[in-house]
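A.B. asks: Please find start.csv (CSV, C-alpha atoms and all ligand atoms) on the next line:
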chain,number,residue,atom,x,y,z
R,1,MET,CA,2.9,-1.9,-18.9
R,2,ARG,CA,2.4,-1.1,-15.2
R,3,LYS,CA,1.7,-3.8,-12.6
R,4,LYS,CA,-2.0,-3.8,-11.5
R,5,ILE,CA,-2.1,-4.5,-7.8
R,6,VAL,CA,-4.8,-5.1,-5.2
R,7,ALA,CA,-3.4,-5.2,-1.7
R,8,GLY,CA,-5.4,-5.9,1.5
R,9,ASN,CA,-4.1,-4.1,4.6
R,10,TRP,CA,-5.6,-5.9,7.5
R,11,LYS,CA,-4.4,-3.3,10.1
R,12,MET,CA,-4.8,-4.6,13.6
R,13,ASN,CA,-7.4,-7.3,12.7
R,14,ASN,CA,-7.5,-11.1,12.6
R,15,ASP,CA,-5.9,-13.3,15.2
R,16,ILE,CA,-4.4,-16.6,14.1
R,17,ALA,CA,-7.8,-18.5,14.1
R,18,GLU,CA,-9.4,-15.7,12.0
R,19,THR,CA,-6.4,-15.6,9.7
R,20,GLU,CA,-6.7,-19.4,9.1
R,21,MET,CA,-10.4,-19.0,8.3
R,22,PHE,CA,-9.7,-16.3,5.8
R,23,LEU,CA,-6.9,-18.3,4.2
R,24,VAL,CA,-9.0,-21.4,3.8
R,25,ASP,CA,-11.5,-19.4,2.0
R,26,LEU,CA,-9.0,-17.4,0.0
R,27,LYS,CA,-7.3,-20.6,-1.3
R,28,LYS,CA,-10.5,-21.7,-2.9
R,29,GLN,CA,-10.6,-18.6,-5.1
R,30,VAL,CA,-9.6,-18.3,-8.7
R,31,PHE,CA,-7.5,-15.2,-9.2
R,32,PRO,CA,-7.3,-13.1,-12.4
R,33,GLU,CA,-3.8,-13.6,-13.9
R,34,ASN,CA,-3.1,-10.0,-14.7
R,35,ILE,CA,-3.4,-8.7,-11.2
R,36,VAL,CA,-0.8,-8.9,-8.4
R,37,ILE,CA,-2.7,-9.7,-5.2
R,38,MET,CA,-1.2,-8.9,-1.8
R,39,ILE,CA,-2.3,-9.2,1.8
R,40,ALA,CA,-0.7,-7.5,4.8
R,41,PRO,CA,-1.7,-9.4,7.9
R,42,PRO,CA,-0.5,-8.3,11.4
R,43,PHE,CA,2.9,-9.6,12.4
R,44,THR,CA,1.5,-12.5,14.4
R,45,SER,CA,-0.1,-13.9,11.3
R,46,LEU,CA,2.5,-13.2,8.7
R,47,ASN,CA,4.5,-16.4,8.9
R,48,HIS,CA,1.4,-18.6,8.9
R,49,ALA,CA,-0.1,-16.7,5.9
R,50,PHE,CA,3.2,-17.0,4.0
R,51,ASN,CA,3.5,-20.7,4.6
R,52,SER,CA,-0.1,-21.3,3.8
R,53,LEU,CA,0.0,-19.4,0.6
R,54,ARG,CA,3.2,-20.8,-0.8
R,55,GLU,CA,1.4,-22.5,-3.7
R,56,HIS,CA,-0.9,-19.6,-4.4
R,57,PRO,CA,-0.3,-16.3,-6.3
R,58,VAL,CA,-0.7,-14.1,-3.3
R,59,THR,CA,2.1,-11.9,-1.9
R,60,VAL,CA,2.3,-11.5,1.8
R,61,ALA,CA,3.5,-8.1,3.1
R,62,GLY,CA,4.4,-6.5,6.4
R,63,GLN,CA,2.4,-3.4,7.6
R,64,ASN,CA,5.5,-1.6,9.0
R,65,MET,CA,9.1,-2.1,10.1
R,66,HIS,CA,11.7,-0.3,12.0
R,67,GLN,CA,14.4,1.9,10.3
R,68,SER,CA,17.2,0.1,12.1
R,69,ASN,CA,18.4,-3.4,11.1
R,70,GLU,CA,18.6,-4.5,14.7
R,71,GLY,CA,19.0,-3.3,18.3
R,72,ALA,CA,17.3,-2.3,21.5
R,73,PHE,CA,13.9,-1.2,20.1
R,74,THR,CA,11.4,-3.1,22.2
R,75,GLY,CA,8.3,-4.0,20.3
R,76,GLU,CA,9.7,-3.4,16.9
R,77,ILE,CA,10.3,-5.6,13.8
R,78,SER,CA,13.2,-5.3,11.4
R,79,ALA,CA,13.4,-5.7,7.6
R,80,LYS,CA,15.6,-8.9,8.2
R,81,MET,CA,12.9,-10.4,10.4
R,82,LEU,CA,10.2,-9.7,7.8
R,83,LYS,CA,12.3,-11.2,5.1
R,84,SER,CA,13.1,-14.3,7.2
R,85,ILE,CA,9.4,-15.2,7.3
R,86,GLY,CA,8.7,-14.6,3.6
R,87,ALA,CA,7.6,-11.0,3.6
R,88,ASN,CA,9.7,-9.2,1.0
R,89,THR,CA,7.2,-6.3,0.7
R,90,VAL,CA,6.4,-3.7,3.4
R,91,ILE,CA,3.9,-0.9,3.7
R,92,LEU,CA,5.6,2.3,4.9
R,93,GLY,CA,4.1,5.7,5.8
R,94,HIS,CA,0.5,4.6,6.3
R,95,SER,CA,-1.4,7.6,7.6
R,96,GLU,CA,-2.2,5.7,10.8
R,97,ARG,CA,1.5,5.3,11.4
R,98,ARG,CA,2.1,8.9,10.7
R,99,ALA,CA,-0.8,10.1,12.9
R,100,TYR,CA,-0.7,7.7,15.9
R,101,PHE,CA,3.0,6.7,16.0
R,102,MET,CA,4.5,10.1,15.0
R,103,GLU,CA,6.2,8.8,11.9
R,104,ASP,CA,7.4,11.9,10.1
R,105,ASN,CA,8.9,12.2,6.6
R,106,ALA,CA,12.4,12.1,7.9
R,107,THR,CA,11.8,8.8,9.8
R,108,LEU,CA,10.1,7.4,6.7
R,109,ALA,CA,13.0,8.4,4.5
R,110,GLU,CA,15.2,6.2,6.8
R,111,LYS,CA,12.7,3.4,6.7
R,112,VAL,CA,12.7,3.6,2.9
R,113,ASN,CA,16.5,3.3,2.9
R,114,THR,CA,16.6,0.4,5.2
R,115,ALA,CA,13.9,-1.5,3.2
R,116,LEU,CA,15.8,-0.9,-0.1
R,117,GLU,CA,19.1,-1.9,1.5
R,118,ASN,CA,17.4,-5.2,2.4
R,119,GLU,CA,16.1,-5.6,-1.1
R,120,MET,CA,12.4,-5.2,-0.2
R,121,THR,CA,9.5,-3.8,-2.2
R,122,ILE,CA,7.9,-0.8,-0.6
R,123,ILE,CA,4.3,0.3,-0.7
R,124,PHE,CA,4.8,4.0,0.2
R,125,CYS,CA,1.7,5.7,1.4
R,126,ILE,CA,1.0,9.4,1.1
R,127,GLY,CA,-2.2,11.3,1.6
R,128,GLU,CA,-3.6,14.6,2.8
R,129,GLU,CA,-5.9,15.5,5.7
R,130,LEU,CA,-9.4,17.0,5.0
R,131,GLU,CA,-8.1,20.3,6.3
R,132,ASP,CA,-5.3,20.4,3.6
R,133,ARG,CA,-7.9,19.7,0.9
R,134,LYS,CA,-10.3,22.4,2.2
R,135,ASN,CA,-7.4,24.9,2.2
R,136,GLY,CA,-6.3,23.9,-1.3
R,137,LYS,CA,-3.0,22.6,0.0
R,138,HIS,CA,-3.4,19.0,-1.0
R,139,PHE,CA,-1.1,19.0,-4.0
R,140,GLU,CA,1.6,20.9,-2.0
R,141,LEU,CA,1.3,18.4,0.9
R,142,ILE,CA,1.6,15.4,-1.4
R,143,LYS,CA,4.6,16.9,-3.1
R,144,THR,CA,6.3,17.4,0.3
R,145,GLN,CA,5.6,13.9,1.4
R,146,LEU,CA,7.2,12.6,-1.8
R,147,THR,CA,10.1,15.0,-1.7
R,148,GLU,CA,11.0,14.4,1.9
R,149,GLY,CA,10.1,10.8,2.2
R,150,ILE,CA,11.2,9.1,-1.0
R,151,PHE,CA,12.7,11.4,-3.7
R,152,HIS,CA,16.2,10.7,-2.4
R,153,VAL,CA,16.2,7.2,-3.8
R,154,SER,CA,18.1,6.2,-6.9
R,155,ASP,CA,16.5,5.8,-10.3
R,156,GLU,CA,16.9,2.0,-10.1
R,157,SER,CA,15.1,1.8,-6.7
R,158,TRP,CA,11.8,2.8,-8.4
R,159,GLN,CA,11.6,-0.8,-9.6
R,160,ASN,CA,10.8,-1.7,-6.0
R,161,ILE,CA,8.5,1.1,-5.1
R,162,ILE,CA,4.7,1.3,-5.3
R,163,ILE,CA,3.0,4.5,-4.3
R,164,ALA,CA,-0.4,4.3,-2.4
R,165,TYR,CA,-2.4,7.6,-2.4
R,166,GLU,CA,-4.7,7.5,0.5
R,167,PRO,CA,-6.6,10.7,1.4
R,168,VAL,CA,-6.8,10.6,5.1
R,169,TRP,CA,-10.4,11.8,5.1
R,170,ALA,CA,-11.5,8.8,3.0
R,171,ILE,CA,-9.9,6.1,5.2
R,172,GLY,CA,-12.4,4.0,7.1
R,173,THR,CA,-15.0,6.8,6.8
R,174,GLY,CA,-17.1,5.4,4.0
R,175,GLU,CA,-16.4,8.6,2.2
R,176,THR,CA,-14.3,7.8,-0.8
R,177,ALA,CA,-12.6,10.2,-3.2
R,178,SER,CA,-14.5,10.5,-6.4
R,179,PRO,CA,-12.9,8.7,-9.4
R,180,GLU,CA,-12.1,12.2,-10.8
R,181,GLN,CA,-10.4,13.3,-7.5
R,182,ALA,CA,-8.4,10.1,-7.5
R,183,GLN,CA,-7.4,10.5,-11.1
R,184,GLU,CA,-6.5,14.1,-10.6
R,185,MET,CA,-4.1,13.3,-7.7
R,186,HIS,CA,-2.7,10.2,-9.3
R,187,LYS,CA,-1.8,12.2,-12.4
R,188,PHE,CA,-0.2,14.8,-10.3
R,189,ILE,CA,1.9,12.2,-8.4
R,190,ARG,CA,3.0,10.7,-11.7
R,191,LYS,CA,3.9,14.1,-13.1
R,192,THR,CA,5.8,15.0,-9.9
R,193,ILE,CA,7.8,11.7,-10.2
R,194,ALA,CA,8.5,12.5,-13.9
R,195,GLU,CA,9.8,16.0,-13.0
R,196,ASN,CA,12.1,14.6,-10.3
R,197,TYR,CA,13.3,11.5,-12.2
R,198,SER,CA,12.0,10.8,-15.7
R,199,LYS,CA,8.8,10.2,-17.6
R,200,GLU,CA,10.1,6.6,-18.3
R,201,ILE,CA,10.4,5.9,-14.5
R,202,ALA,CA,7.1,7.7,-13.7
R,203,ASP,CA,5.2,5.7,-16.3
R,204,LYS,CA,6.3,2.4,-14.8
R,205,VAL,CA,5.4,3.2,-11.1
R,206,SER,CA,2.2,1.6,-9.9
R,207,ILE,CA,0.1,4.1,-8.0
R,208,LEU,CA,-2.7,2.5,-5.8
R,209,TYR,CA,-5.7,4.3,-4.4
R,210,GLY,CA,-6.8,3.7,-0.9
R,211,GLY,CA,-9.7,5.0,1.2
R,212,SER,CA,-13.1,3.3,1.5
R,213,VAL,CA,-12.7,1.2,-1.6
R,214,LYS,CA,-15.7,-1.3,-1.6
R,215,PRO,CA,-17.1,-3.8,-4.1
R,216,ASP,CA,-19.6,-1.2,-5.4
R,217,ASN,CA,-17.1,1.7,-6.1
R,218,ALA,CA,-14.0,-0.3,-7.0
R,219,ALA,CA,-14.6,-0.5,-10.8
R,220,GLU,CA,-15.1,3.2,-11.4
R,221,ILE,CA,-11.9,4.0,-9.4
R,222,PHE,CA,-9.8,1.3,-11.0
R,223,GLU,CA,-10.8,2.4,-14.5
R,224,GLN,CA,-9.1,5.8,-14.1
R,225,THR,CA,-6.0,6.1,-16.3
R,226,ASP,CA,-3.5,6.7,-13.5
R,227,VAL,CA,-5.0,4.3,-10.9
R,228,ASP,CA,-3.1,1.0,-11.0
R,229,GLY,CA,-5.0,-0.7,-8.2
R,230,GLY,CA,-6.0,-0.3,-4.6
R,231,LEU,CA,-4.8,-0.6,-1.0
R,232,ILE,CA,-7.9,-1.9,0.7
R,233,GLY,CA,-8.6,-1.8,4.4
R,234,GLY,CA,-12.0,-2.8,5.8
R,235,ALA,CA,-13.2,-4.5,2.7
R,236,SER,CA,-10.2,-6.8,2.5
R,237,LEU,CA,-11.1,-8.5,5.8
R,238,LYS,CA,-13.7,-10.7,4.1
R,239,VAL,CA,-12.7,-12.9,1.2
R,240,GLU,CA,-16.0,-12.3,-0.5
R,241,SER,CA,-15.6,-8.5,-0.6
R,242,PHE,CA,-11.9,-8.6,-1.3
R,243,MET,CA,-12.5,-10.9,-4.3
R,244,LYS,CA,-15.3,-8.7,-5.6
R,245,ILE,CA,-12.9,-5.7,-5.5
R,246,ILE,CA,-10.1,-7.8,-7.3
R,247,ASN,CA,-12.6,-8.9,-9.9
R,248,ALA,CA,-13.9,-5.3,-10.4
R,249,PHE,CA,-10.5,-4.5,-12.0
R,250,LYS,CA,-11.1,-4.9,-15.7
R,251,LYS,CA,-8.4,-2.8,-17.2
T,1,LIG,O1,-4.6,0.8,4.0
T,1,LIG,C1,-5.8,0.9,3.7
T,1,LIG,C2,-6.4,2.2,3.9
T,1,LIG,O2,-6.1,2.8,5.0
T,1,LIG,C3,-7.9,2.2,3.5
T,1,LIG,O3,-8.7,1.7,4.5
T,1,LIG,P1,-10.3,1.5,4.3
T,1,LIG,O4,-10.4,0.7,3.0
T,1,LIG,O5,-10.8,0.8,5.5
T,1,LIG,O6,-10.8,2.9,4.2
Give the structure from the file, written as structure tokens.
Ligand SMILES: O=C[C@H](O)COP(=O)(O)O
C.D. replies:
Amino acid sequence: MRKKIVAGNWKMNNDIAETEMFLVDLKKQVFPENIVIMIAPPFTSLNHAFNSLREHPVTVAGQNMHQSNEGAFTGEISAKMLKSIGANTVILGHSERRAYFMEDNATLAEKVNTALENEMTIIFCIGEELEDRKNGKHFELIKTQLTEGIFHVSDESWQNIIIAYEPVWAIGTGETASPEQAQEMHKFIRKTIAENYSKEIADKVSILYGGSVKPDNAAEIFEQTDVDGGLIGGASLKVESFMKIINAFKK
């Protein structure tokens, strides 16, 4: 049985006062027991969110970390720092990190290693640009991101890896992949993991969909066989829409 996960990626939103308002509201909610719920606030709100949610079934995750454990990297955050404030999970390879901060597959492979060495859980993001899809290169591109970014890890490491498929053309655009497009790619990702590792490992990996998931389209995406949840951006910033998305998950 795979874990069902709904994770909210706040990106560069919510200062500490806004975070507190969100948390006050979130803590009043009743959460379905079969779904792992995560939020990834910005670094400045992480510790506050972790402390505030200690008694609640919500995991607090980092949005990024550096590949080195320490050193002269002004402005960066290490795995150890994340763990020291309660964030044992980290998002790596988000398309915004790849596009705006030049994170390539080789850098991401290093980050993956560092996160695993520090016994962290990774939400590893992959996704194609619109151009790749138009040219029919989307499967190849996804395979390359997996091969170069994460397929070097050991069999055991997959216990701590979640994949998030986020087609770049669907992020923040209001244009979501159709449930069929999501299923087709998730199935491909699982098959690719099975070919490189084993069916047993592939069947256990949670694969999340991300890209303009909203309360009104979440149910049809989540009901796809190989979709095990969502990585939600904009719609995770309000408790009301985040909860609607969580509650749309009926599988
Ligand atoms: O990490 C989340 C994704 O980038 C999706 O963002 P979005 O739901 O605002 O499209």
A.B. asks: 9 Å from ligand LIG 1 (chain T) is the threshold here; counting all atoms listed in the file, which polymer residues fall inside it? Answer as a PyMOL selection string.
C.D. replies: chain R and resi 7-11+63+91+94-96+125+164+166-176+209-214+230-236
A.B. asks: Give the answer as one residue: which of R:Glu131, R:Ala202, R:Glu140, R:Lys187 has the shortest atom-to-atom distance to Asp155 (chain R), using all atoms listed in the file?
C.D. replies: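 So, comparing all the options, the nearest one is R:Ala202.
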A.B. asks: Considering only C-alpha atoms, can you say which of R:Ala109, R:Leu46, R:Val58, R:Met1 comes closest to Val30 (chain R)?
C.D. replies: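 Distance minimum relative to Val30 (chain R) lands on R:Val58.
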A.B. asks: Mind checking which residues fall within 6 Å of region 141-152 of chain R, counting all atoms listed in the file, ignoring those fewer than 3 positions away in the same chain, and posting them as a ChimeraX atom specification?
C.D. replies: /R:105,108-109,138
A.B. asks: Of the candidates R:Met65, R:Val227, R:Asp203, R:Leu53, which shows the shortest atom-to-atom distance to Asp25 (chain R), using all atoms listed in the file?
C.D. replies: R:Leu53
A.B. asks: Using only C-alpha atoms, which of R:Ile245, R:Asn196, R:Lys111, R:Ala40 sits nearest Pro215 (chain R)?
C.D. replies: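 That would be R:Ile245, the residue with the smallest distance to Pro215 (chain R).
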A.B. asks: Can you tell me how far CA of Ile207 (chain R) sits from CA of Met120 (chain R), in Å to one decimal?
C.D. replies: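 About the pair CA of Ile207 (chain R) and CA of Met120 (chain R): they are 17.3 Å apart.
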A.B. asks: For Ile161 (chain R), work out the shell of residues within 7 Å, counting only C-alpha atoms and skipping chain neighbours fewer than 6 positions away, then give it as a PyMOL selection string.
C.D. replies: chain R and resi 121-123
A.B. asks: Could you name the residues that touch Leu26 (chain R) at 9 Å or less, counting all atoms listed in the file, but leaving out those on the same chain fewer than 5 positions away, as a ChimeraX atom specification?
C.D. replies: /R:21,239-240,243
A.B. asks: Report, in Å to a single decimal, how far apart CA of Ile35 (chain R) and CA of Lys4 (chain R) are.
C.D. replies: 5.1 Å
A.B. asks: Please, what distance in Å, to one decimal, runs between CA of Lys244 (chain R) and CA of Pro42 (chain R)?
C.D. replies: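 Distance reported for this atom pair: 22.5 Å.
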A.B. asks: Return the single residue from R:Thr225, R:Ser198, R:Ser154, R:Asn13 that is closest to Pro179 (chain R), with distances computed using all atoms listed in the file.
C.D. replies: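 Of all the options, R:Thr225 lies closest to Pro179 (chain R).
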A.B. asks: Do a neighbour search on Asn88 (chain R) at 9 Å with all atoms listed in the file, toss out local chain neighbours closer than 4 positions, and write the hits as a PyMOL selection string.
C.D. replies: chain R and resi 59-62+79+82-84+118-122
A.B. asks: Excluding Phe22 (chain R) and residues on its chain fewer than 4 positions from it, collect all residues at most 10 Å away from it, counting all atoms listed in the file, and give them as a list in words.
C.D. replies: Asn14, Ile16, Ala17, Glu18, Leu26, Lys27, Ala49, Leu237, Lys238, Val239 and Glu240 of chain R
A.B. asks: With all atoms listed in the file as the basis for distance, which of R:Asp228, R:Thr107, R:Glu156, R:Leu130 is at the shortest distance from Tyr197 (chain R)?
C.D. replies: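 Of all the options, R:Glu156 lies closest to Tyr197 (chain R).
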A.B. asks: For region 12-37 of chain R, which lacks atoms in the input, supply N, CA and C atoms and format the output as a PDB file, in the coordinates of the input.
C.D. replies:
ATOM      1  N   MET R  12      -4.886  -3.794  12.423  1.00  0.00           N
ATOM      2  CA  MET R  12      -4.800  -4.600  13.600  1.00  0.00           C
ATOM      3  C   MET R  12      -6.071  -5.494  13.751  1.00  0.00           C
ATOM      4  N   ASN R  13      -6.247  -6.359  12.751  1.00  0.00           N
ATOM      5  CA  ASN R  13      -7.400  -7.300  12.700  1.00  0.00           C
ATOM      6  C   ASN R  13      -6.920  -8.669  12.397  1.00  0.00           C
ATOM      7  N   ASN R  14      -7.667  -9.640  12.879  1.00  0.00           N
ATOM      8  CA  ASN R  14      -7.500 -11.100  12.600  1.00  0.00           C
ATOM      9  C   ASN R  14      -6.389 -11.725  13.468  1.00  0.00           C
ATOM     10  N   ASP R  15      -6.824 -12.471  14.448  1.00  0.00           N
ATOM     11  CA  ASP R  15      -5.900 -13.300  15.200  1.00  0.00           C
ATOM     12  C   ASP R  15      -5.587 -14.535  14.366  1.00  0.00           C
ATOM     13  N   ILE R  16      -4.885 -15.503  14.930  1.00  0.00           N
ATOM     14  CA  ILE R  16      -4.400 -16.600  14.100  1.00  0.00           C
ATOM     15  C   ILE R  16      -5.591 -17.498  13.622  1.00  0.00           C
ATOM     16  N   ALA R  17      -6.603 -17.675  14.466  1.00  0.00           N
ATOM     17  CA  ALA R  17      -7.800 -18.500  14.100  1.00  0.00           C
ATOM     18  C   ALA R  17      -8.532 -17.779  12.937  1.00  0.00           C
ATOM     19  N   GLU R  18      -8.704 -16.484  13.085  1.00  0.00           N
ATOM     20  CA  GLU R  18      -9.400 -15.700  12.000  1.00  0.00           C
ATOM     21  C   GLU R  18      -8.603 -15.671  10.746  1.00  0.00           C
ATOM     22  N   THR R  19      -7.295 -15.605  10.906  1.00  0.00           N
ATOM     23  CA  THR R  19      -6.400 -15.600   9.700  1.00  0.00           C
ATOM     24  C   THR R  19      -6.595 -16.949   8.983  1.00  0.00           C
ATOM     25  N   GLU R  20      -6.598 -18.034   9.733  1.00  0.00           N
ATOM     26  CA  GLU R  20      -6.700 -19.400   9.100  1.00  0.00           C
ATOM     27  C   GLU R  20      -8.076 -19.474   8.381  1.00  0.00           C
ATOM     28  N   MET R  21      -9.134 -18.971   8.996  1.00  0.00           N
ATOM     29  CA  MET R  21     -10.400 -19.000   8.300  1.00  0.00           C
ATOM     30  C   MET R  21     -10.411 -18.245   7.006  1.00  0.00           C
ATOM     31  N   PHE R  22      -9.773 -17.102   7.034  1.00  0.00           N
ATOM     32  CA  PHE R  22      -9.700 -16.300   5.800  1.00  0.00           C
ATOM     33  C   PHE R  22      -8.858 -17.046   4.751  1.00  0.00           C
ATOM     34  N   LEU R  23      -7.752 -17.646   5.177  1.00  0.00           N
ATOM     35  CA  LEU R  23      -6.900 -18.300   4.200  1.00  0.00           C
ATOM     36  C   LEU R  23      -7.533 -19.530   3.572  1.00  0.00           C
ATOM     37  N   VAL R  24      -8.270 -20.266   4.370  1.00  0.00           N
ATOM     38  CA  VAL R  24      -9.000 -21.400   3.800  1.00  0.00           C
ATOM     39  C   VAL R  24      -9.900 -21.009   2.711  1.00  0.00           C
ATOM     40  N   ASP R  25     -10.617 -19.931   2.954  1.00  0.00           N
ATOM     41  CA  ASP R  25     -11.500 -19.400   2.000  1.00  0.00           C
ATOM     42  C   ASP R  25     -10.778 -18.811   0.751  1.00  0.00           C
ATOM     43  N   LEU R  26      -9.735 -18.066   1.034  1.00  0.00           N
ATOM     44  CA  LEU R  26      -9.000 -17.400   0.000  1.00  0.00           C
ATOM     45  C   LEU R  26      -8.381 -18.442  -1.014  1.00  0.00           C
ATOM     46  N   LYS R  27      -7.922 -19.559  -0.462  1.00  0.00           N
ATOM     47  CA  LYS R  27      -7.300 -20.600  -1.300  1.00  0.00           C
ATOM     48  C   LYS R  27      -8.225 -21.304  -2.231  1.00  0.00           C
ATOM     49  N   LYS R  28      -9.517 -21.100  -2.008  1.00  0.00           N
ATOM     50  CA  LYS R  28     -10.500 -21.700  -2.900  1.00  0.00           C
ATOM     51  C   LYS R  28     -10.787 -20.830  -4.122  1.00  0.00           C
ATOM     52  N   GLN R  29     -10.266 -19.631  -4.112  1.00  0.00           N
ATOM     53  CA  GLN R  29     -10.600 -18.600  -5.100  1.00  0.00           C
ATOM     54  C   GLN R  29      -9.784 -18.802  -6.402  1.00  0.00           C
ATOM     55  N   VAL R  30     -10.347 -18.354  -7.490  1.00  0.00           N
ATOM     56  CA  VAL R  30      -9.600 -18.300  -8.700  1.00  0.00           C
ATOM     57  C   VAL R  30      -9.220 -16.830  -8.946  1.00  0.00           C
ATOM     58  N   PHE R  31      -7.922 -16.580  -9.117  1.00  0.00           N
ATOM     59  CA  PHE R  31      -7.500 -15.200  -9.200  1.00  0.00           C
ATOM     60  C   PHE R  31      -7.199 -14.793 -10.656  1.00  0.00           C
ATOM     61  N   PRO R  32      -7.589 -13.581 -11.026  1.00  0.00           N
ATOM     62  CA  PRO R  32      -7.300 -13.100 -12.400  1.00  0.00           C
ATOM     63  C   PRO R  32      -5.729 -13.062 -12.544  1.00  0.00           C
ATOM     64  N   GLU R  33      -5.240 -13.491 -13.698  1.00  0.00           N
ATOM     65  CA  GLU R  33      -3.800 -13.600 -13.900  1.00  0.00           C
ATOM     66  C   GLU R  33      -3.052 -12.302 -13.995  1.00  0.00           C
ATOM     67  N   ASN R  34      -3.770 -11.253 -14.430  1.00  0.00           N
ATOM     68  CA  ASN R  34      -3.100 -10.000 -14.700  1.00  0.00           C
ATOM     69  C   ASN R  34      -2.987  -9.066 -13.489  1.00  0.00           C
ATOM     70  N   ILE R  35      -3.405  -9.552 -12.344  1.00  0.00           N
ATOM     71  CA  ILE R  35      -3.400  -8.700 -11.200  1.00  0.00           C
ATOM     72  C   ILE R  35      -2.532  -9.285 -10.051  1.00  0.00           C
ATOM     73  N   VAL R  36      -1.650  -8.444  -9.515  1.00  0.00           N
ATOM     74  CA  VAL R  36      -0.800  -8.900  -8.400  1.00  0.00           C
ATOM     75  C   VAL R  36      -1.705  -8.708  -7.125  1.00  0.00           C
ATOM     76  N   ILE R  37      -1.836  -9.788  -6.378  1.00  0.00           N
ATOM     77  CA  ILE R  37      -2.700  -9.700  -5.200  1.00  0.00           C
ATOM     78  C   ILE R  37      -1.780  -9.838  -3.939  1.00  0.00           C
TER      79      ILE R  37
END
